[in-house]
$ cat coords29.cif   # mmCIF, C-alpha atoms
data_work
#
loop_
_atom_site.label_atom_id
_atom_site.label_comp_id
_atom_site.auth_asym_id
_atom_site.auth_seq_id
_atom_site.Cartn_x
_atom_site.Cartn_y
_atom_site.Cartn_z
CA MET A 1 -19.43 16.87 11.20
CA HIS A 2 -16.21 14.91 10.87
CA ARG A 3 -17.45 12.42 13.43
CA LEU A 4 -20.78 12.01 11.65
CA LEU A 5 -18.96 11.43 8.37
CA ILE A 6 -16.82 8.64 9.81
CA ILE A 7 -19.83 6.97 11.42
CA ALA A 8 -21.71 7.18 8.13
CA LEU A 9 -18.76 5.75 6.18
CA SER A 10 -18.40 2.95 8.69
CA ALA A 11 -22.06 2.09 8.26
CA VAL A 12 -21.67 1.98 4.48
CA THR A 13 -18.45 -0.03 4.36
CA THR A 14 -19.01 -2.38 7.29
CA THR A 15 -21.74 -4.96 7.15
CA ALA A 16 -21.98 -8.37 8.71
CA CYS A 17 -21.34 -11.25 6.36
CA SER A 18 -21.42 -15.00 6.50
CA GLY A 19 -18.12 -16.59 7.22
CA GLN A 20 -16.07 -19.00 5.17
CA THR A 21 -14.36 -20.40 8.21
CA GLY A 22 -17.25 -20.48 10.64
CA ASP A 23 -15.76 -17.60 12.63
CA SER A 24 -17.71 -14.46 13.28
CA GLN A 25 -16.51 -11.86 10.82
CA THR A 26 -17.41 -8.54 9.31
CA GLU A 27 -17.27 -7.42 5.69
CA ASN A 28 -15.00 -4.44 5.45
CA GLN A 29 -13.56 -3.13 2.18
CA HIS A 30 -14.52 -6.40 0.42
CA PHE A 31 -12.55 -8.49 2.89
CA CYS A 32 -14.29 -10.78 5.36
CA ILE A 33 -11.67 -10.88 8.07
CA PRO A 34 -12.49 -13.05 11.09
CA ASP A 35 -13.33 -10.81 14.01
CA HIS A 36 -10.59 -12.29 16.18
CA ARG A 37 -8.05 -11.28 13.50
CA GLU A 38 -9.19 -7.78 12.62
CA VAL A 39 -7.87 -4.86 14.66
CA ARG A 40 -10.19 -1.87 14.55
CA ILE A 41 -9.04 1.67 15.10
CA ASP A 42 -11.60 4.06 16.52
CA LEU A 43 -11.36 7.47 14.86
CA SER A 44 -14.78 8.66 15.94
CA TYR A 45 -13.42 11.06 18.53
CA SER A 46 -12.97 14.67 17.54
CA SER A 47 -10.03 15.43 15.29
CA ASP A 48 -6.94 16.99 16.81
CA PRO A 49 -5.03 19.74 14.96
CA ASN A 50 -1.78 18.37 16.40
CA PHE A 51 -2.07 15.35 14.14
CA ASP A 52 -2.03 14.91 10.41
CA SER A 53 -5.24 14.23 8.53
CA ASP A 54 -6.84 10.81 8.69
CA ASP A 55 -8.06 11.20 5.11
CA GLY A 56 -8.40 7.80 3.53
CA ALA A 57 -8.37 6.03 6.88
CA GLU A 58 -11.68 4.39 6.00
CA GLN A 59 -9.79 2.63 3.20
CA SER A 60 -7.38 0.82 5.46
CA LEU A 61 -7.48 -2.32 7.56
CA GLN A 62 -5.45 -4.03 10.25
CA ALA A 63 -5.22 -7.69 11.16
CA GLU A 64 -3.00 -9.74 13.43
CA PHE A 65 -1.46 -13.16 13.86
CA SER A 66 0.21 -14.46 16.98
CA ALA A 67 3.88 -15.40 16.98
CA GLU A 68 2.97 -18.99 17.79
CA GLU A 69 0.65 -19.25 14.79
CA ILE A 70 3.31 -18.03 12.39
CA ALA A 71 5.99 -20.25 13.90
CA ALA A 72 3.69 -23.28 13.65
CA ALA A 73 2.93 -22.54 10.00
CA ILE A 74 6.48 -21.70 8.87
CA ASN A 75 9.42 -23.92 9.62
CA GLY A 76 12.36 -21.86 10.87
CA TYR A 77 10.34 -18.80 11.90
CA LYS A 78 11.49 -17.50 15.30
CA SER A 79 8.52 -16.67 17.51
CA THR A 80 10.66 -14.48 19.76
CA VAL A 81 13.87 -12.50 19.30
CA ILE A 82 16.05 -10.61 21.75
CA VAL A 83 16.53 -6.88 21.18
CA ARG A 84 18.26 -4.69 23.78
CA ASP A 85 17.87 -7.57 26.28
CA SER A 86 14.10 -7.53 25.65
CA GLN A 87 12.34 -10.65 24.51
CA LEU A 88 10.04 -9.51 21.70
CA TYR A 89 7.20 -11.67 20.40
CA GLN A 90 7.24 -11.87 16.63
CA GLY A 91 3.54 -11.91 15.88
CA ILE A 92 2.49 -10.09 12.74
CA TYR A 93 0.47 -6.89 12.74
CA LEU A 94 -0.75 -6.55 9.19
CA MET A 95 -1.52 -3.10 7.77
CA LEU A 96 -3.50 -2.81 4.55
CA ASP A 97 -3.93 0.46 2.70
CA LYS A 98 -5.63 1.08 -0.61
CA ARG A 99 -3.20 1.84 -3.42
CA PRO A 100 -1.79 4.14 -4.48
CA GLN A 101 -0.08 5.30 -1.35
CA LYS A 102 2.67 7.74 -2.23
CA ARG A 103 5.91 5.81 -2.25
CA GLU A 104 8.71 7.04 -4.46
CA VAL A 105 11.42 4.44 -4.18
CA PRO A 106 14.77 5.08 -5.84
CA GLN A 107 16.03 2.26 -8.03
CA PRO A 108 19.77 1.92 -7.40
CA GLN A 109 22.23 0.52 -9.89
CA PRO A 110 22.89 -3.20 -9.23
CA ASP A 111 26.60 -2.45 -8.79
CA ASP A 112 25.76 -0.14 -5.89
CA LEU A 113 23.89 -2.83 -3.95
CA GLN A 114 25.66 -4.74 -1.21
CA PRO A 115 24.40 -8.12 0.06
CA LEU A 116 23.32 -8.56 3.66
CA ALA A 117 23.47 -11.79 5.63
CA SER A 118 19.68 -12.08 5.52
CA GLY A 119 19.63 -12.33 1.71
CA LEU A 120 18.55 -8.73 1.16
CA TYR A 121 20.59 -6.04 -0.58
CA THR A 122 20.95 -2.37 0.16
CA ALA A 123 22.76 0.57 -1.38
CA ASP A 124 23.31 2.54 1.81
CA LYS A 125 22.87 1.24 5.34
CA SER A 126 24.22 4.35 7.02
CA THR A 127 20.90 6.22 7.22
CA PHE A 128 18.19 5.72 9.85
CA LEU A 129 15.78 4.41 7.21
CA TRP A 130 17.45 2.31 4.55
CA ARG A 131 15.81 0.64 1.58
CA ALA A 132 16.11 -3.11 1.08
CA TYR A 133 15.98 -4.85 -2.29
CA LYS A 134 15.73 -8.47 -3.29
CA PRO A 135 16.40 -10.08 -6.67
CA ASP A 136 13.37 -11.58 -8.42
CA ALA A 137 13.39 -14.77 -10.51
CA GLU A 138 14.95 -12.87 -13.43
CA GLY A 139 17.66 -11.45 -11.21
CA ASP A 140 16.25 -7.92 -11.29
CA PHE A 141 16.38 -6.13 -7.95
CA GLN A 142 12.95 -5.23 -6.62
CA TYR A 143 12.15 -2.92 -3.74
CA TRP A 144 11.41 -5.12 -0.73
CA GLY A 145 10.85 -2.81 2.23
CA ASP A 146 12.10 -0.08 4.53
CA CYS A 147 14.56 -1.22 7.19
CA PHE A 148 15.88 0.30 10.41
CA ASP A 149 18.78 -0.67 12.64
CA TYR A 150 17.62 -1.09 16.23
CA ILE A 151 18.27 1.98 18.33
CA ALA A 152 20.63 1.56 21.28
CA SER A 153 21.61 -1.89 20.13
CA THR A 154 24.97 -3.05 18.87
CA SER A 155 23.45 -5.18 16.12
CA GLY A 156 20.27 -6.21 14.44
CA TYR A 157 17.54 -4.56 12.46
CA SER A 158 13.98 -5.10 11.38
CA CYS A 159 12.18 -4.20 8.19
CA HIS A 160 8.75 -2.94 7.27
CA ARG A 161 8.10 -5.41 4.48
CA MET A 162 5.74 -4.19 1.76
CA PHE A 163 4.05 -5.96 -1.14
CA TYR A 164 0.93 -5.49 -3.20
CA PHE A 165 -2.14 -7.69 -3.08
CA ASP A 166 -4.85 -6.76 -5.59
CA ASP A 167 -5.19 -3.01 -5.13
CA TRP A 168 -3.91 -3.08 -1.57
CA GLU A 169 -0.54 -2.19 -0.16
CA VAL A 170 0.30 -4.76 2.53
CA THR A 171 2.87 -3.88 5.19
CA PHE A 172 4.18 -5.72 8.24
CA GLU A 173 7.31 -5.77 10.35
CA ILE A 174 9.80 -8.61 10.29
CA ASP A 175 13.01 -9.02 12.29
CA HIS A 176 16.23 -9.71 10.38
CA GLN A 177 16.44 -13.19 11.92
CA ASN A 178 13.18 -14.13 10.18
CA ILE A 179 14.01 -12.59 6.81
CA PRO A 180 15.53 -15.90 5.54
CA VAL A 181 11.97 -17.33 5.66
CA SER A 182 10.28 -14.13 4.49
CA ASP A 183 9.13 -15.67 1.21
CA GLN A 184 7.17 -18.22 3.21
CA VAL A 185 5.78 -15.43 5.38
CA ASP A 186 4.66 -13.57 2.25
CA ASP A 187 2.99 -16.74 0.94
CA PHE A 188 1.28 -17.33 4.28
CA ILE A 189 -0.13 -13.82 4.31
CA ARG A 190 -1.24 -13.99 0.66
CA GLN A 191 -3.06 -17.24 1.43
CA GLN A 192 -4.82 -15.59 4.36
CA LEU A 193 -5.79 -12.55 2.29
CA THR A 194 -7.12 -14.79 -0.45
CA SER A 195 -9.23 -16.74 2.04
CA TRP A 196 -10.57 -13.45 3.43
CA ARG A 197 -12.01 -12.28 0.11
CA CYS A 198 -15.76 -12.15 0.70
CA LYS A 199 -17.74 -14.69 -1.25
CA LYS A 200 -20.57 -13.00 -3.09
CA MET B 201 5.94 8.59 31.67
CA ALA B 202 2.70 9.51 33.45
CA ARG B 203 1.58 7.43 36.42
CA SER B 204 -1.60 6.43 34.57
CA THR B 205 0.51 5.17 31.65
CA ILE B 206 2.67 3.07 33.97
CA VAL B 207 -0.40 1.56 35.64
CA ASN B 208 -1.92 0.87 32.24
CA LEU B 209 1.21 -0.86 30.93
CA SER B 210 1.58 -2.80 34.17
CA VAL B 211 -1.91 -4.24 33.86
CA GLY B 212 -1.38 -4.81 30.14
CA LEU B 213 1.76 -6.86 30.81
CA ASP B 214 -0.16 -8.90 33.39
CA LYS B 215 -2.90 -9.57 30.85
CA GLY B 216 -0.24 -10.67 28.40
CA GLY B 217 1.13 -13.24 30.84
CA PHE B 218 4.10 -11.35 32.26
CA ASP B 219 5.16 -12.94 35.53
CA GLY B 220 7.96 -11.13 37.30
CA THR B 221 8.93 -9.27 40.42
CA PHE B 222 8.14 -5.60 40.98
CA ARG B 223 11.68 -4.71 39.91
CA GLU B 224 11.42 -6.86 36.77
CA LYS B 225 8.11 -5.31 35.86
CA ARG B 226 9.48 -1.82 36.30
CA ALA B 227 12.33 -2.72 33.94
CA LYS B 228 9.88 -4.23 31.47
CA ILE B 229 7.72 -1.09 31.44
CA LYS B 230 10.84 0.89 30.62
CA GLU B 231 11.57 -1.52 27.74
CA VAL B 232 8.07 -0.93 26.39
CA GLY B 233 8.63 2.82 26.59
CA VAL B 234 11.89 2.61 24.65
CA ALA B 235 10.27 0.38 22.01
CA VAL B 236 7.34 2.79 21.61
CA ALA B 237 9.75 5.71 21.20
CA GLU B 238 11.70 3.77 18.59
CA MET B 239 8.58 2.87 16.62
CA HIS B 240 7.41 6.49 16.80
CA ALA B 241 10.72 7.59 15.26
CA ARG B 242 10.41 4.97 12.52
CA PHE B 243 6.87 5.97 11.61
CA VAL B 244 7.81 9.65 11.54
CA GLU B 245 10.80 8.91 9.30
CA GLN B 246 8.73 6.80 6.90
CA ASP B 247 6.01 9.44 6.82
CA TYR B 248 8.60 12.13 6.11
CA VAL B 249 10.51 10.19 3.46
CA ASN B 250 7.37 8.99 1.70
CA LYS B 251 5.58 12.35 2.08
CA TRP B 252 2.41 10.74 3.43
CA GLY B 253 -0.57 12.80 4.55
CA ASN B 254 -0.81 16.56 4.37
CA VAL B 255 2.35 17.28 6.36
CA PRO B 256 5.40 15.03 5.85
CA GLY B 257 6.65 13.83 9.22
CA LEU B 258 3.42 14.58 11.08
CA LEU B 259 1.57 11.42 12.06
CA SER B 260 -2.17 10.87 11.92
CA ARG B 261 -4.26 9.28 14.64
CA LYS B 262 -4.40 6.06 12.65
CA GLN B 263 -0.61 5.91 12.40
CA MET B 264 -0.32 6.56 16.13
CA ALA B 265 -2.72 3.72 16.91
CA ARG B 266 -0.94 1.37 14.53
CA TYR B 267 2.53 1.78 15.94
CA HIS B 268 1.30 1.43 19.50
CA HIS B 269 -0.50 -1.77 18.53
CA LYS B 270 2.66 -3.08 16.85
CA VAL B 271 4.83 -2.50 19.90
CA PHE B 272 2.23 -3.76 22.35
CA LYS B 273 2.04 -6.96 20.33
CA GLN B 274 5.79 -7.47 20.76
CA PHE B 275 5.23 -7.47 24.52
CA ASN B 276 1.95 -9.43 24.41
CA ILE B 277 -0.02 -6.42 25.64
CA PRO B 278 -3.57 -6.50 24.25
CA ASN B 279 -4.46 -3.81 21.69
CA ASP B 280 -7.22 -2.52 23.94
CA PHE B 281 -4.61 -0.98 26.19
CA TYR B 282 -3.91 1.70 23.60
CA GLY B 283 -6.40 4.35 24.63
CA GLY B 284 -5.79 4.43 28.33
CA THR B 285 -7.84 1.70 29.95
CA TRP B 286 -7.98 -2.07 29.91
CA LEU B 287 -11.73 -2.01 29.36
CA GLY B 288 -11.92 -3.48 25.87
CA PRO B 289 -15.58 -2.72 25.18
CA VAL B 290 -15.12 0.96 26.03
CA PRO B 291 -14.61 2.85 22.75
CA ASP B 292 -11.29 4.64 22.36
CA ALA B 293 -13.24 7.85 21.80
CA ILE B 294 -14.43 7.77 25.40
CA GLU B 295 -11.04 6.69 26.74
CA PHE B 296 -9.16 9.46 24.97
CA LYS B 297 -11.69 12.01 26.19
CA LEU B 298 -11.39 10.64 29.71
CA TYR B 299 -7.61 10.88 29.65
CA GLY B 300 -7.65 14.32 28.10
CA ASN B 301 -5.43 13.76 25.11
CA LEU B 302 -4.61 11.11 22.57
CA TYR B 303 -0.92 10.71 23.24
CA CYS B 304 0.74 13.52 25.10
CA HIS B 305 -1.34 13.64 28.25
CA ASP B 306 1.97 13.76 30.08
CA CYS B 307 3.80 16.07 27.67
CA ASP B 308 5.00 19.58 28.32
CA THR B 309 3.24 22.56 26.76
CA ASP B 310 4.50 24.17 23.56
CA THR B 311 5.12 27.51 25.26
CA GLY B 312 8.38 29.04 24.08
CA TYR B 313 9.07 26.27 21.57
CA ARG B 314 9.66 27.25 17.97
#
$ encode --input "coords29.cif" --output "C-alpha cells"
Amino acid sequence: MHRLLIIALSAVTTTACSGQTGDSQTENQHFCIPDHREVRIDLSYSSDPNFDSDDGAEQSLQAEFSAEEIAAAINGYKSTVIVRDSQLYQGIYLMLDKRPQKREVPQPQPDDLQPLASGLYTADKSTFLWRAYKPDAEGDFQYWGDCFDYIASTSGYSCHRMFYFDDWEVTFEIDHQNIPVSDQVDDFIRQQLTSWRCKK
Amino acid sequence: MARSTIVNLSVGLDKGGFDGTFREKRAKIKEVGVAVAEMHARFVEQDYVNKWGNVPGLLSRKQMARYHHKVFKQFNIPNDFYGGTWLGPVPDAIEFKLYGNLYCHDCDTDTGYR
C-alpha cells in the first residue's frame, strides 16, 4: 500500500516539462531542475520499521553542483579542502524541503555571541552541534546554520547552511574555509533556484 | 565494513577518478568510512535537536540516502553507488532487496541490546 502510494504521488508530482536551458528536465514540486542536476531518492522499496517515517518525503528535492562549477562561478571558493589528511571535494549537495520543517532555534543575546575567524558568531562552540549566527544589514544577528567541528581532527569545522527560498527550506554543507564567500554561494544558489522555476 | 561494501566503494572511487596503489585505495576506503560515520552522527544530532520525524534521533530512509550522497560527493563517488551496486539504471529498491538491508547488512543483531 505504502509503495503504491509513493508511486501514485510520484506520478502526480512528476511530469516532463520543456526546459529553459535546453537540458532535459523534469517538473517536480514546481521546479524544473535539469536532469543532470537533480538527485532522486528511490523510496519505493518496502518501509523498514528500523527507520523513521518518510512522511513528507514527496515534498523534498535534491540537486547537486560540482566543486569545479562552484569554484569557477565564485572567486575565492576552494574546490577542495583537507580534513583528517583526506582531500574532500567541495561540490554542493542541495537539499530542499517544504516549509515548515520543525526548527526551534534559540536566539542568544548579542553579548553572548563570540566572533569566529570565518565571520560567523556563536554562543557556545563546546557542543557537538553548535548554532552559527551572522549579522544582517541592520546588525541584528540571524540564525545562519548548524555547525560541527570535524571529528578526530585538531581543527576545522563545516556548517549545514540553511536559508529560505519561497516556501522551501534550502540546506547545504559548506566548509569553514569557504564561509568567507558564503554570501556569494547563497546568491549563486538563489539564482539557480530562480532559473529552475517552471515557466507556465 | 562488509566485503561487498569495500568492493562497492573501491569501484566507486575508480569511477570518480581515484588513481592510487592498492595500499592507497585501502586507506581511502577507510577515509570514506570515517566520513560516512561522521555524517551519520551529524544527521542524528540534527534530527534529535530539531525533533524531526516521529522519533527524534531516528533517521528516515531519505535522510540516510542524503548523507551518503553528501559524503560520496566529497570523494567523487557517483550517487548511484549508494544502494549497493554501480549499476545506475537499477532502481535502489532492487539493490536494497538484493543486498538484504538498507544500511546494516553487515551489522550485528539486536539480541541482548537494550
$ closest_atom_pairs --input "coords29.cif" --of "chain B" --to "chain A" --cutoff "8 Å" --atoms "only C-alpha atoms" --output "JSON lines"
{"residue": "B:Lys228", "atom": "CA", "partner": "A:Ser86", "partner_atom": "CA", "distance": 7.9}
{"residue": "B:Glu231", "atom": "CA", "partner": "A:Ser86", "partner_atom": "CA", "distance": 6.8}
{"residue": "B:Glu238", "atom": "CA", "partner": "A:Ile151", "partner_atom": "CA", "distance": 6.8}
{"residue": "B:Arg242", "atom": "CA", "partner": "A:Phe148", "partner_atom": "CA", "distance": 7.5}
{"residue": "B:Glu245", "atom": "CA", "partner": "A:Leu129", "partner_atom": "CA", "distance": 7.0}
{"residue": "B:Gln246", "atom": "CA", "partner": "A:Leu129", "partner_atom": "CA", "distance": 7.5}
{"residue": "B:Asn250", "atom": "CA", "partner": "A:Arg103", "partner_atom": "CA", "distance": 5.3}
{"residue": "B:Lys251", "atom": "CA", "partner": "A:Lys102", "partner_atom": "CA", "distance": 6.9}
{"residue": "B:Trp252", "atom": "CA", "partner": "A:Lys102", "partner_atom": "CA", "distance": 6.4}
{"residue": "B:Gly253", "atom": "CA", "partner": "A:Ser53", "partner_atom": "CA", "distance": 6.3}
{"residue": "B:Asn254", "atom": "CA", "partner": "A:Asp52", "partner_atom": "CA", "distance": 6.4}
{"residue": "B:Val255", "atom": "CA", "partner": "A:Asp52", "partner_atom": "CA", "distance": 6.4}
{"residue": "B:Leu258", "atom": "CA", "partner": "A:Asp52", "partner_atom": "CA", "distance": 5.5}
{"residue": "B:Leu259", "atom": "CA", "partner": "A:Asp52", "partner_atom": "CA", "distance": 5.3}
{"residue": "B:Ser260", "atom": "CA", "partner": "A:Asp52", "partner_atom": "CA", "distance": 4.3}
{"residue": "B:Arg261", "atom": "CA", "partner": "A:Phe51", "partner_atom": "CA", "distance": 6.5}
{"residue": "B:Lys262", "atom": "CA", "partner": "A:Asp54", "partner_atom": "CA", "distance": 6.6}
{"residue": "B:Ala265", "atom": "CA", "partner": "A:Ile41", "partner_atom": "CA", "distance": 6.9}
{"residue": "B:His269", "atom": "CA", "partner": "A:Tyr93", "partner_atom": "CA", "distance": 7.8}
{"residue": "B:Lys270", "atom": "CA", "partner": "A:Tyr93", "partner_atom": "CA", "distance": 6.0}
{"residue": "B:Lys273", "atom": "CA", "partner": "A:Gly91", "partner_atom": "CA", "distance": 6.8}
{"residue": "B:Gln274", "atom": "CA", "partner": "A:Tyr89", "partner_atom": "CA", "distance": 4.4}
{"residue": "B:Phe275", "atom": "CA", "partner": "A:Leu88", "partner_atom": "CA", "distance": 5.9}
{"residue": "B:Asn276", "atom": "CA", "partner": "A:Tyr89", "partner_atom": "CA", "distance": 7.0}
{"residue": "B:Asn279", "atom": "CA", "partner": "A:Val39", "partner_atom": "CA", "distance": 7.9}
{"residue": "B:Pro291", "atom": "CA", "partner": "A:Asp42", "partner_atom": "CA", "distance": 7.0}
{"residue": "B:Asp292", "atom": "CA", "partner": "A:Asp42", "partner_atom": "CA", "distance": 5.9}
{"residue": "B:Ala293", "atom": "CA", "partner": "A:Tyr45", "partner_atom": "CA", "distance": 4.6}
{"residue": "B:Ile294", "atom": "CA", "partner": "A:Tyr45", "partner_atom": "CA", "distance": 7.7}
{"residue": "B:Phe296", "atom": "CA", "partner": "A:Tyr45", "partner_atom": "CA", "distance": 7.9}
{"residue": "B:Lys297", "atom": "CA", "partner": "A:Tyr45", "partner_atom": "CA", "distance": 7.9}
$ atom_distance --input "coords29.cif" --atom1 "CA of Ile206 (chain B)" --atom2 "CA of Ala227 (chain B)"
11.3 Å
$ atom_distance --input "coords29.cif" --atom1 "CA of Ser158 (chain A)" --atom2 "CA of Val232 (chain B)"
16.7 Å
$ resolve_selection --input "coords29.cif" --expression "the PyMOL selection byres ((chain B and resi 209-222) around 9)" --output "NGL selection string"
:B and (204-208 or 223-229 or 232 or 272 or 275-278 or 280-281 or 286)
$ atom_distance --input "coords29.cif" --atom1 "CA of Asp167 (chain A)" --atom2 "CA of Leu120 (chain A)"
25.2 Å
$ decode --input "coords29.cif" --residues "region 251-263 of chain B" --atoms "N, CA, C and O atoms" --output "short mmCIF file (atom, residue, chain, number, x, y, z; two decimals), in the first residue's frame"
data_model
loop_
_atom_site.label_atom_id
_atom_site.label_comp_id
_atom_site.auth_asym_id
_atom_site.auth_seq_id
_atom_site.Cartn_x
_atom_site.Cartn_y
_atom_site.Cartn_z
N LYS B 251 14.05 17.68 16.52
CA LYS B 251 12.86 16.86 16.73
C LYS B 251 12.14 16.57 15.41
O LYS B 251 10.93 16.70 15.29
N TRP B 252 12.91 16.18 14.40
CA TRP B 252 12.32 15.88 13.09
C TRP B 252 11.74 14.47 13.09
O TRP B 252 12.22 13.57 13.78
N GLY B 253 10.73 14.26 12.27
CA GLY B 253 10.13 12.94 12.11
C GLY B 253 9.31 12.53 13.33
O GLY B 253 8.98 13.36 14.19
N ASN B 254 8.99 11.26 13.40
CA ASN B 254 8.19 10.76 14.51
C ASN B 254 9.03 10.51 15.76
O ASN B 254 8.55 10.66 16.87
N VAL B 255 10.27 10.10 15.55
CA VAL B 255 11.15 9.77 16.68
C VAL B 255 12.42 10.62 16.58
O VAL B 255 13.23 10.40 15.67
N PRO B 256 12.62 11.58 17.47
CA PRO B 256 13.84 12.39 17.42
C PRO B 256 15.10 11.52 17.54
O PRO B 256 15.19 10.68 18.44
N GLY B 257 16.00 11.71 16.60
CA GLY B 257 17.25 10.94 16.62
C GLY B 257 17.23 9.71 15.74
O GLY B 257 18.28 9.11 15.50
N LEU B 258 16.04 9.33 15.29
CA LEU B 258 15.93 8.16 14.40
C LEU B 258 15.81 8.67 12.97
O LEU B 258 14.90 9.45 12.66
N LEU B 259 16.72 8.23 12.10
CA LEU B 259 16.73 8.75 10.73
C LEU B 259 15.75 8.01 9.84
O LEU B 259 15.45 6.84 10.06
N SER B 260 15.29 8.70 8.81
CA SER B 260 14.43 8.09 7.80
C SER B 260 15.30 7.61 6.64
O SER B 260 16.49 7.93 6.56
N ARG B 261 14.69 6.87 5.73
CA ARG B 261 15.43 6.37 4.58
C ARG B 261 15.93 7.53 3.71
O ARG B 261 17.02 7.48 3.14
N LYS B 262 15.14 8.58 3.63
CA LYS B 262 15.56 9.74 2.84
C LYS B 262 16.80 10.39 3.46
O LYS B 262 17.75 10.73 2.74
N GLN B 263 16.80 10.53 4.78
CA GLN B 263 17.96 11.13 5.44
C GLN B 263 19.21 10.26 5.25
O GLN B 263 20.31 10.78 5.04
#
